[in-house]
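Q: First the structure, then my questions, so here it is.
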Amino acid sequence: MTDGAILAVNPGSRSLKAAVHDAAGQRLLDVHVTRPVDDARTAVAELADRVAAEGIELVAVAHRVVHGGPEHVRPALVDDELLASLRALAPFAPLHLPGDVAEMEAARAQWPGLPQVACFDTAFHADLPAEARRLPLPAEVDALGVRRYGFHGLNLEHVVDTVPELGRAVIAHLGGGCSVTAVAEGRSLATTMSFSPTGGVLSASRSGDLDPDALLFLADRGWSVEELRDLVDHRSGLAGIAGSTDVREITERADAGDADSRLALDVLSRSVAVAVAGYTAVLGGLDTLVFTGGVGEHSAPVRAAVAARLAHLGVVLDPAAPAPGDLSAPGATVRTLVVPADEEVVLDRQARRVLGDLSR
């Protein structure tokens with residue numbers, strides 16, 4: 001079962017990415033379907049057409065699931081019981097989980113004879129220290145599952161597996177969603193995203209951390225839960241300050257003198273740098289800083305702005321160094337790397353482990 005090709009499906013809030021790997025780890029196909037995920041059957045059918053056009057025979061399908069809640073801390077076979085559990089967890093991640101479930105249901109209908117494996121983005125953080133996991137709320141609220149979960153775990157696992165001798169590391173995953181995570185010995189010790197992907201540093205359209213009373217202030221003035229959720233998930237972050245979620249566009253506007261665009265980039269770089277610097281207190285120092293995710297990989301101005309705020313820690317970039325790779329200036333005491341994100345290769349690897357365990 002683990003000797004053939006596996007399709008790794010990576011659903012986003014507006015699109016699907018997917019890749020096929022063979023048993024040797026060779027990437028056979030990359031697909032990006034730009035259809036909205038709320039049309040999951042059509043998107044999965046398009047994936048199936050692309051796979052068939054390449055003459056690839058699949059043995060399994062792996063799925064990225066954004067939130068596993070308190071229970072799902074390791075990859076698992078997709079069955080009716082698991083899907084029912086994830087539907088019940090939808091309030092934990094209403095922006096993502098319904099689409100994840102719809103995609104898995106569509107894939108099961110498309111390939112009814114294939115085993116399917118769910119891989120959870122929160123699982124990498126499942127053993128966070130209690131002091132990082134517990135939110136400062138009463139026990140009865142904690143018992144409801146309101147705690148820090150952390151996200152971007154599949155790509156964090158990829159970075160840990162890819163980079164030798166990370167040491168005391170902070171990984172800045174900067175993309176449509178942004179998070180900063182402290183890692184030592186392959187373990188997540190602290191991470192900025194919390195109960196949901198909305199928390200932490202600001203993202204493209206998500207607010208990041210807010211004073212809770214700011215939302216209560218709006219609720220007192222008649223804002224509904226739906227309006228507040230739309231505000232913090234879709235109308236905030238870079239979009240809220242600069243009116244755009246495209247960092248390239250925002251950078252061009254900032255260079256042309258647009259004050260809001262410059263402010264948005266300054267807020268982003270400050271937020272990331274403050275998180276990185278704060279995590280040195282968790283790690284006891286800093287050996288490696290990793291940029292990953294679409295913005296982390298492709299925006300030299302954002303990387304330079306973050307690094308400039310961390311120069312006192314020994315983060316100094318060589319402006320001539322090409323990305324991806326080691327961007328550290330000669331003599332820098334902190335190694336700074338750019339590592340391309342690759343969640344699909346981790347999905348493939350996790351699925352093969354699950355299927356291998358079943359075949360023993």
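In the structure tokens, the first chain shown is A, the next is B, and so on; residue numbers restart at 1 for each chain, and ligands run from 1 in the order shown.
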Assign secondary structure with DSSP using the backbone only, and return the residues of stretch 109-349 of chain A in strand (DSSP E or B) as an MDAnalysis selection string.

A: chainID A and resid 116:120 169:174 178:184 187:191 288:292 317 325:326 328 335:338

Q: I'd like the neighbourhood of A:Asp22 as a ChimeraX atom specification, where a residue qualifies if any of its atoms comes within 12 Å (using only C-alpha atoms), though same-chain residues fewer than 2 positions away should be ignored.

A: /A:1-8,19-20,24-29,56-60,345,348-349,352

Q: So which residues touch stretch 260-262 of chain A within 8 Å, counting only C-alpha atoms, skipping near sequence neighbours fewer than 3 positions away, as a VMD selection string?

A: chain A and resid 241 to 242 250 to 251 253 to 255 257 265 to 266

Q: Step one, run DSSP on the backbone; step two, keep only residues of stretch 30-83 of chain A assigned to alpha helix (DSSP H); then write them as number ranges by chain.

A: A: 40-53, 80-83

Q: Would you mind exporting the chosen residues as a tab-separated table (two decimals), in the first residue's frame, restricted to C-alpha atoms?

A:
chain	number	residue	atom	x	y	z
A	40	ALA	CA	-14.97	21.16	-3.20
A	41	ARG	CA	-16.38	18.51	-5.52
A	42	THR	CA	-15.45	20.50	-8.62
A	43	ALA	CA	-12.00	21.25	-7.25
A	44	VAL	CA	-11.35	17.59	-6.38
A	45	ALA	CA	-12.68	16.49	-9.78
A	46	GLU	CA	-10.16	18.84	-11.40
A	47	LEU	CA	-7.40	17.28	-9.30
A	48	ALA	CA	-8.53	13.83	-10.40
A	49	ASP	CA	-8.46	14.90	-14.05
A	50	ARG	CA	-4.91	16.21	-13.69
A	51	VAL	CA	-3.75	13.01	-12.01
A	52	ALA	CA	-5.41	10.86	-14.67
A	53	ALA	CA	-3.93	12.95	-17.47
A	80	ASP	CA	-17.18	8.54	9.12
A	81	GLU	CA	-16.27	8.83	12.80
A	82	LEU	CA	-13.35	11.16	12.16
A	83	LEU	CA	-15.39	13.39	9.85

Q: Identify which of the residues A:His312, A:Leu137, A:Val78, A:Asp161 lies closest to A:Arg187, counting only C-alpha atoms when measuring atom-to-atom distances.

A: A:Asp161

Q: Please list as an mmCIF file with all heavy atoms, in the first residue's frame every residue within 8 Å of stretch 96-107 of chain A, counting only C-alpha atoms and excluding residues in the same chain fewer than 4 positions away.

A:
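As a result, result_0.cif now contains:
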data_model
loop_
_atom_site.group_PDB
_atom_site.id
_atom_site.type_symbol
_atom_site.label_atom_id
_atom_site.label_comp_id
_atom_site.auth_asym_id
_atom_site.auth_seq_id
_atom_site.Cartn_x
_atom_site.Cartn_y
_atom_site.Cartn_z
ATOM 1 N N PRO A 11 -5.698 22.064 1.281
ATOM 2 C CA PRO A 11 -6.739 23.059 1.024
ATOM 3 C C PRO A 11 -6.468 24.363 1.751
ATOM 4 O O PRO A 11 -6.033 24.370 2.907
ATOM 5 C CB PRO A 11 -8.004 22.386 1.560
ATOM 6 C CG PRO A 11 -7.514 21.464 2.617
ATOM 7 C CD PRO A 11 -6.132 21.015 2.199
ATOM 8 N N GLY A 12 -6.711 25.452 1.063
ATOM 9 C CA GLY A 12 -6.676 26.768 1.685
ATOM 10 C C GLY A 12 -8.075 27.334 1.747
ATOM 11 O O GLY A 12 -9.045 26.685 1.336
ATOM 12 N N SER A 13 -8.204 28.539 2.253
ATOM 13 C CA SER A 13 -9.529 29.134 2.382
ATOM 14 C C SER A 13 -10.123 29.515 1.033
ATOM 15 O O SER A 13 -11.334 29.680 0.907
ATOM 16 C CB SER A 13 -9.471 30.368 3.291
ATOM 17 O OG SER A 13 -8.509 31.278 2.820
ATOM 18 N N VAL A 37 -12.801 26.738 -2.311
ATOM 19 C CA VAL A 37 -12.946 25.441 -1.667
ATOM 20 C C VAL A 37 -14.401 25.127 -1.348
ATOM 21 O O VAL A 37 -14.772 23.977 -1.153
ATOM 22 C CB VAL A 37 -12.065 25.384 -0.400
ATOM 23 C CG1 VAL A 37 -12.254 24.073 0.352
ATOM 24 C CG2 VAL A 37 -10.607 25.529 -0.785
ATOM 25 N N ASP A 38 -15.288 26.138 -1.322
ATOM 26 C CA ASP A 38 -16.700 25.833 -1.086
ATOM 27 C C ASP A 38 -17.313 25.110 -2.284
ATOM 28 O O ASP A 38 -18.456 24.670 -2.235
ATOM 29 C CB ASP A 38 -17.498 27.084 -0.710
ATOM 30 C CG ASP A 38 -17.446 28.185 -1.769
ATOM 31 O OD1 ASP A 38 -16.939 27.925 -2.874
ATOM 32 O OD2 ASP A 38 -17.910 29.291 -1.473
ATOM 33 N N ALA A 40 -15.982 22.185 -3.395
ATOM 34 C CA ALA A 40 -14.972 21.158 -3.195
ATOM 35 C C ALA A 40 -15.059 20.040 -4.215
ATOM 36 O O ALA A 40 -14.030 19.539 -4.692
ATOM 37 C CB ALA A 40 -15.106 20.582 -1.778
ATOM 38 N N ARG A 41 -16.265 19.620 -4.577
ATOM 39 C CA ARG A 41 -16.383 18.509 -5.520
ATOM 40 C C ARG A 41 -15.769 18.868 -6.870
ATOM 41 O O ARG A 41 -15.075 18.050 -7.487
ATOM 42 C CB ARG A 41 -17.849 18.109 -5.696
ATOM 43 C CG ARG A 41 -18.398 17.334 -4.517
ATOM 44 C CD ARG A 41 -19.799 16.807 -4.801
ATOM 45 N NE ARG A 41 -20.278 16.015 -3.686
ATOM 46 C CZ ARG A 41 -20.051 14.718 -3.529
ATOM 47 N NH1 ARG A 41 -19.328 14.064 -4.423
ATOM 48 N NH2 ARG A 41 -20.535 14.070 -2.490
ATOM 49 N N VAL A 44 -11.921 18.936 -6.469
ATOM 50 C CA VAL A 44 -11.352 17.588 -6.383
ATOM 51 C C VAL A 44 -11.456 16.884 -7.727
ATOM 52 O O VAL A 44 -10.534 16.152 -8.128
ATOM 53 C CB VAL A 44 -12.043 16.790 -5.262
ATOM 54 C CG1 VAL A 44 -11.692 15.307 -5.342
ATOM 55 C CG2 VAL A 44 -11.644 17.350 -3.906
ATOM 56 N N VAL A 61 -4.717 8.942 -0.529
ATOM 57 C CA VAL A 61 -4.819 10.401 -0.546
ATOM 58 C C VAL A 61 -4.558 10.907 0.871
ATOM 59 O O VAL A 61 -5.091 10.362 1.849
ATOM 60 C CB VAL A 61 -6.203 10.877 -1.025
ATOM 61 C CG1 VAL A 61 -6.249 12.403 -1.090
ATOM 62 C CG2 VAL A 61 -6.555 10.272 -2.382
ATOM 63 N N HIS A 63 -4.550 14.404 3.397
ATOM 64 C CA HIS A 63 -5.236 15.689 3.484
ATOM 65 C C HIS A 63 -4.670 16.526 4.624
ATOM 66 O O HIS A 63 -4.540 16.034 5.757
ATOM 67 C CB HIS A 63 -6.734 15.489 3.756
ATOM 68 C CG HIS A 63 -7.425 14.605 2.776
ATOM 69 N ND1 HIS A 63 -8.049 15.084 1.651
ATOM 70 C CD2 HIS A 63 -7.583 13.249 2.763
ATOM 71 C CE1 HIS A 63 -8.574 14.066 0.981
ATOM 72 N NE2 HIS A 63 -8.309 12.945 1.635
ATOM 73 N N ARG A 64 -4.361 17.770 4.342
ATOM 74 C CA ARG A 64 -4.021 18.709 5.420
ATOM 75 C C ARG A 64 -5.308 19.192 6.084
ATOM 76 O O ARG A 64 -6.236 19.644 5.411
ATOM 77 C CB ARG A 64 -3.266 19.905 4.850
ATOM 78 C CG ARG A 64 -2.949 20.973 5.893
ATOM 79 C CD ARG A 64 -2.369 22.216 5.238
ATOM 80 N NE ARG A 64 -2.137 23.278 6.179
ATOM 81 C CZ ARG A 64 -2.386 24.570 5.948
ATOM 82 N NH1 ARG A 64 -2.890 24.935 4.781
ATOM 83 N NH2 ARG A 64 -2.133 25.478 6.855
ATOM 84 N N VAL A 65 -5.352 19.087 7.407
ATOM 85 C CA VAL A 65 -6.477 19.579 8.195
ATOM 86 C C VAL A 65 -5.933 20.627 9.150
ATOM 87 O O VAL A 65 -5.015 20.351 9.931
ATOM 88 C CB VAL A 65 -7.166 18.437 8.975
ATOM 89 C CG1 VAL A 65 -8.347 18.974 9.779
ATOM 90 C CG2 VAL A 65 -7.622 17.336 8.014
ATOM 91 N N VAL A 66 -6.488 21.815 9.107
ATOM 92 C CA VAL A 66 -5.908 22.934 9.840
ATOM 93 C C VAL A 66 -5.971 22.720 11.349
ATOM 94 O O VAL A 66 -5.009 23.014 12.058
ATOM 95 C CB VAL A 66 -6.604 24.243 9.435
ATOM 96 C CG1 VAL A 66 -6.328 25.349 10.444
ATOM 97 C CG2 VAL A 66 -6.135 24.682 8.057
ATOM 98 N N HIS A 67 -7.081 22.204 11.856
ATOM 99 C CA HIS A 67 -7.275 22.162 13.311
ATOM 100 C C HIS A 67 -7.707 20.769 13.741
ATOM 101 O O HIS A 67 -8.704 20.244 13.242
ATOM 102 C CB HIS A 67 -8.348 23.177 13.719
ATOM 103 C CG HIS A 67 -8.197 23.725 15.096
ATOM 104 N ND1 HIS A 67 -8.021 22.926 16.212
ATOM 105 C CD2 HIS A 67 -8.196 25.007 15.562
ATOM 106 C CE1 HIS A 67 -7.928 23.694 17.297
ATOM 107 N NE2 HIS A 67 -8.024 24.949 16.922
ATOM 108 N N VAL A 78 -9.124 8.624 7.501
ATOM 109 C CA VAL A 78 -10.387 9.341 7.375
ATOM 110 C C VAL A 78 -11.516 8.326 7.284
ATOM 111 O O VAL A 78 -11.544 7.480 6.383
ATOM 112 C CB VAL A 78 -10.386 10.234 6.128
ATOM 113 C CG1 VAL A 78 -11.734 10.939 5.974
ATOM 114 C CG2 VAL A 78 -9.257 11.247 6.200
ATOM 115 N N LEU A 83 -14.726 12.238 10.464
ATOM 116 C CA LEU A 83 -15.389 13.390 9.852
ATOM 117 C C LEU A 83 -16.452 13.965 10.783
ATOM 118 O O LEU A 83 -16.602 15.192 10.868
ATOM 119 C CB LEU A 83 -16.002 12.984 8.513
ATOM 120 C CG LEU A 83 -15.002 12.689 7.392
ATOM 121 C CD1 LEU A 83 -15.719 12.200 6.153
ATOM 122 C CD2 LEU A 83 -14.170 13.925 7.065
ATOM 123 N N LEU A 86 -14.680 16.059 13.312
ATOM 124 C CA LEU A 86 -14.200 17.334 12.780
ATOM 125 C C LEU A 86 -15.352 18.307 12.531
ATOM 126 O O LEU A 86 -15.188 19.519 12.704
ATOM 127 C CB LEU A 86 -13.416 17.091 11.490
ATOM 128 C CG LEU A 86 -12.097 16.336 11.670
ATOM 129 C CD1 LEU A 86 -11.423 16.087 10.323
ATOM 130 C CD2 LEU A 86 -11.154 17.083 12.602
ATOM 131 N N ARG A 87 -16.516 17.786 12.136
ATOM 132 C CA ARG A 87 -17.673 18.683 12.003
ATOM 133 C C ARG A 87 -18.011 19.304 13.355
ATOM 134 O O ARG A 87 -18.351 20.493 13.443
ATOM 135 C CB ARG A 87 -18.882 17.909 11.465
ATOM 136 C CG ARG A 87 -18.753 17.492 10.010
ATOM 137 C CD ARG A 87 -20.070 16.922 9.484
ATOM 138 N NE ARG A 87 -19.831 16.143 8.290
ATOM 139 C CZ ARG A 87 -19.713 14.808 8.269
ATOM 140 N NH1 ARG A 87 -19.833 14.124 9.399
ATOM 141 N NH2 ARG A 87 -19.481 14.185 7.139
ATOM 142 N N LEU A 89 -15.956 19.963 15.626
ATOM 143 C CA LEU A 89 -14.886 20.906 15.965
ATOM 144 C C LEU A 89 -14.946 22.192 15.143
ATOM 145 O O LEU A 89 -14.114 23.080 15.362
ATOM 146 C CB LEU A 89 -13.525 20.251 15.743
ATOM 147 C CG LEU A 89 -13.068 19.209 16.767
ATOM 148 C CD1 LEU A 89 -11.769 18.563 16.302
ATOM 149 C CD2 LEU A 89 -12.872 19.853 18.135
ATOM 150 N N ALA A 90 -15.868 22.305 14.215
ATOM 151 C CA ALA A 90 -15.908 23.466 13.322
ATOM 152 C C ALA A 90 -15.859 24.801 14.063
ATOM 153 O O ALA A 90 -15.219 25.748 13.578
ATOM 154 C CB ALA A 90 -17.135 23.392 12.415
ATOM 155 N N TRP A 111 -12.583 8.982 -4.961
ATOM 156 C CA TRP A 111 -11.734 7.780 -4.909
ATOM 157 C C TRP A 111 -12.243 6.868 -3.792
ATOM 158 O O TRP A 111 -11.564 6.695 -2.753
ATOM 159 C CB TRP A 111 -10.290 8.172 -4.643
ATOM 160 C CG TRP A 111 -9.647 8.974 -5.737
ATOM 161 C CD1 TRP A 111 -9.220 8.533 -6.953
ATOM 162 C CD2 TRP A 111 -9.339 10.379 -5.694
ATOM 163 N NE1 TRP A 111 -8.672 9.566 -7.674
ATOM 164 C CE2 TRP A 111 -8.726 10.712 -6.930
ATOM 165 C CE3 TRP A 111 -9.513 11.380 -4.744
ATOM 166 C CZ2 TRP A 111 -8.294 11.998 -7.231
ATOM 167 C CZ3 TRP A 111 -9.095 12.663 -5.037
ATOM 168 C CH2 TRP A 111 -8.493 12.966 -6.275
ATOM 169 N N PRO A 112 -13.419 6.263 -3.949
ATOM 170 C CA PRO A 112 -14.020 5.500 -2.847
ATOM 171 C C PRO A 112 -13.223 4.270 -2.438
ATOM 172 O O PRO A 112 -13.378 3.788 -1.310
ATOM 173 C CB PRO A 112 -15.392 5.108 -3.398
ATOM 174 C CG PRO A 112 -15.245 5.154 -4.881
ATOM 175 C CD PRO A 112 -14.280 6.270 -5.154
#

Q: So, with only C-alpha atoms as the atoms that count, which of A:Leu216, A:Cys119, A:Val267, A:Gly68 lies closest to A:Ala88?

A: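 Result for the nearest residue to A:Ala88: A:Gly68.
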
Q: May I ask which of the residues A:Ala172, A:Ala18, A:Ala264, A:Ala300 is the closest one to A:Asn155, counting only C-alpha atoms?

A: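 Distance minimum relative to A:Asn155 lands on A:Ala172.
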
Q: Skip A:Gly153 itself and residues of its chain fewer than 5 positions away, then list as an mmCIF file with N, CA, C and O atoms, in the first residue's frame all residues within 9 Å of it, counting only C-alpha atoms.

A:
data_model
loop_
_atom_site.group_PDB
_atom_site.id
_atom_site.type_symbol
_atom_site.label_atom_id
_atom_site.label_comp_id
_atom_site.auth_asym_id
_atom_site.auth_seq_id
_atom_site.Cartn_x
_atom_site.Cartn_y
_atom_site.Cartn_z
ATOM 1 N N VAL A 66 -6.488 21.815 9.107
ATOM 2 C CA VAL A 66 -5.908 22.934 9.840
ATOM 3 C C VAL A 66 -5.971 22.720 11.349
ATOM 4 O O VAL A 66 -5.009 23.014 12.058
ATOM 5 N N PHE A 120 -2.813 16.724 10.666
ATOM 6 C CA PHE A 120 -3.281 17.914 11.369
ATOM 7 C C PHE A 120 -2.169 18.945 11.553
ATOM 8 O O PHE A 120 -1.083 18.627 12.050
ATOM 9 N N ASP A 121 -2.483 20.188 11.186
ATOM 10 C CA ASP A 121 -1.517 21.277 11.287
ATOM 11 C C ASP A 121 -1.197 21.628 12.730
ATOM 12 O O ASP A 121 -0.158 22.218 13.021
ATOM 13 N N THR A 122 -2.103 21.291 13.638
ATOM 14 C CA THR A 122 -1.899 21.587 15.050
ATOM 15 C C THR A 122 -1.043 20.532 15.760
ATOM 16 O O THR A 122 -0.570 20.773 16.880
ATOM 17 N N ALA A 123 -0.854 19.369 15.135
ATOM 18 C CA ALA A 123 -0.231 18.244 15.839
ATOM 19 C C ALA A 123 1.216 18.528 16.243
ATOM 20 O O ALA A 123 1.681 18.034 17.271
ATOM 21 N N PHE A 124 1.945 19.317 15.453
ATOM 22 C CA PHE A 124 3.340 19.624 15.770
ATOM 23 C C PHE A 124 3.468 20.283 17.139
ATOM 24 O O PHE A 124 4.492 20.153 17.810
ATOM 25 N N HIS A 125 2.412 20.982 17.544
ATOM 26 C CA HIS A 125 2.437 21.726 18.805
ATOM 27 C C HIS A 125 1.755 20.974 19.945
ATOM 28 O O HIS A 125 1.526 21.545 21.014
ATOM 29 N N HIS A 158 8.517 20.211 8.261
ATOM 30 C CA HIS A 158 9.375 20.196 7.072
ATOM 31 C C HIS A 158 10.686 20.943 7.331
ATOM 32 O O HIS A 158 11.768 20.459 6.972
ATOM 33 N N GLU A 343 4.509 21.669 2.578
ATOM 34 C CA GLU A 343 3.625 20.873 3.423
ATOM 35 C C GLU A 343 3.274 19.544 2.764
ATOM 36 O O GLU A 343 3.045 18.540 3.444
#

Q: Applying 10 Å and only C-alpha atoms, which residues near A:Val302 remain after dropping the ones on its own chain fewer than 4 positions away? List them as a PyMOL selection string.

A: chain A and resi 174+247-248+251+265-266+268-269+272+295-298+306-308

Q: Find the residues near A:Ser207: any atom within 7 Å, counting only C-alpha atoms, skip ones fewer than 3 places away on the same chain, and give them as a list in words.

A: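 In the requested format, the answer is Thr198, Leu202, Ser203, Val232, Asp233, Ser236 and Gly237 of chain A.
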
Q: Selected residues, N, CA and C atoms, written as an mmCIF file, in the first residue's frame, please.

A:
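This is the output file selection_19.cif:
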data_model
loop_
_atom_site.group_PDB
_atom_site.id
_atom_site.type_symbol
_atom_site.label_atom_id
_atom_site.label_comp_id
_atom_site.auth_asym_id
_atom_site.auth_seq_id
_atom_site.Cartn_x
_atom_site.Cartn_y
_atom_site.Cartn_z
ATOM 1 N N THR A 198 -6.206 33.115 13.817
ATOM 2 C CA THR A 198 -6.393 34.565 13.812
ATOM 3 C C THR A 198 -5.462 35.260 14.787
ATOM 4 N N LEU A 202 0.094 39.794 13.098
ATOM 5 C CA LEU A 202 -0.901 40.059 12.073
ATOM 6 C C LEU A 202 -0.597 39.262 10.811
ATOM 7 N N SER A 203 -1.622 38.983 10.040
ATOM 8 C CA SER A 203 -1.493 38.253 8.784
ATOM 9 C C SER A 203 -2.029 39.112 7.653
ATOM 10 N N VAL A 232 -12.106 40.450 12.012
ATOM 11 C CA VAL A 232 -10.782 39.972 12.436
ATOM 12 C C VAL A 232 -10.184 38.976 11.455
ATOM 13 N N ASP A 233 -11.021 38.295 10.654
ATOM 14 C CA ASP A 233 -10.492 37.293 9.731
ATOM 15 C C ASP A 233 -10.288 37.802 8.315
ATOM 16 N N SER A 236 -8.827 42.787 8.414
ATOM 17 C CA SER A 236 -7.807 43.328 9.309
ATOM 18 C C SER A 236 -6.418 43.005 8.788
ATOM 19 N N GLY A 237 -5.412 43.014 9.676
ATOM 20 C CA GLY A 237 -4.053 42.735 9.236
ATOM 21 C C GLY A 237 -3.568 43.739 8.213
#

Q: Which of these residues is nearest to A:Pro330, using only C-alpha atoms: A:Gly284, A:Gly240, A:Gly314, A:Gly55?

A: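 When distances to A:Pro330 are compared using only C-alpha atoms, the smallest one comes from A:Gly314.
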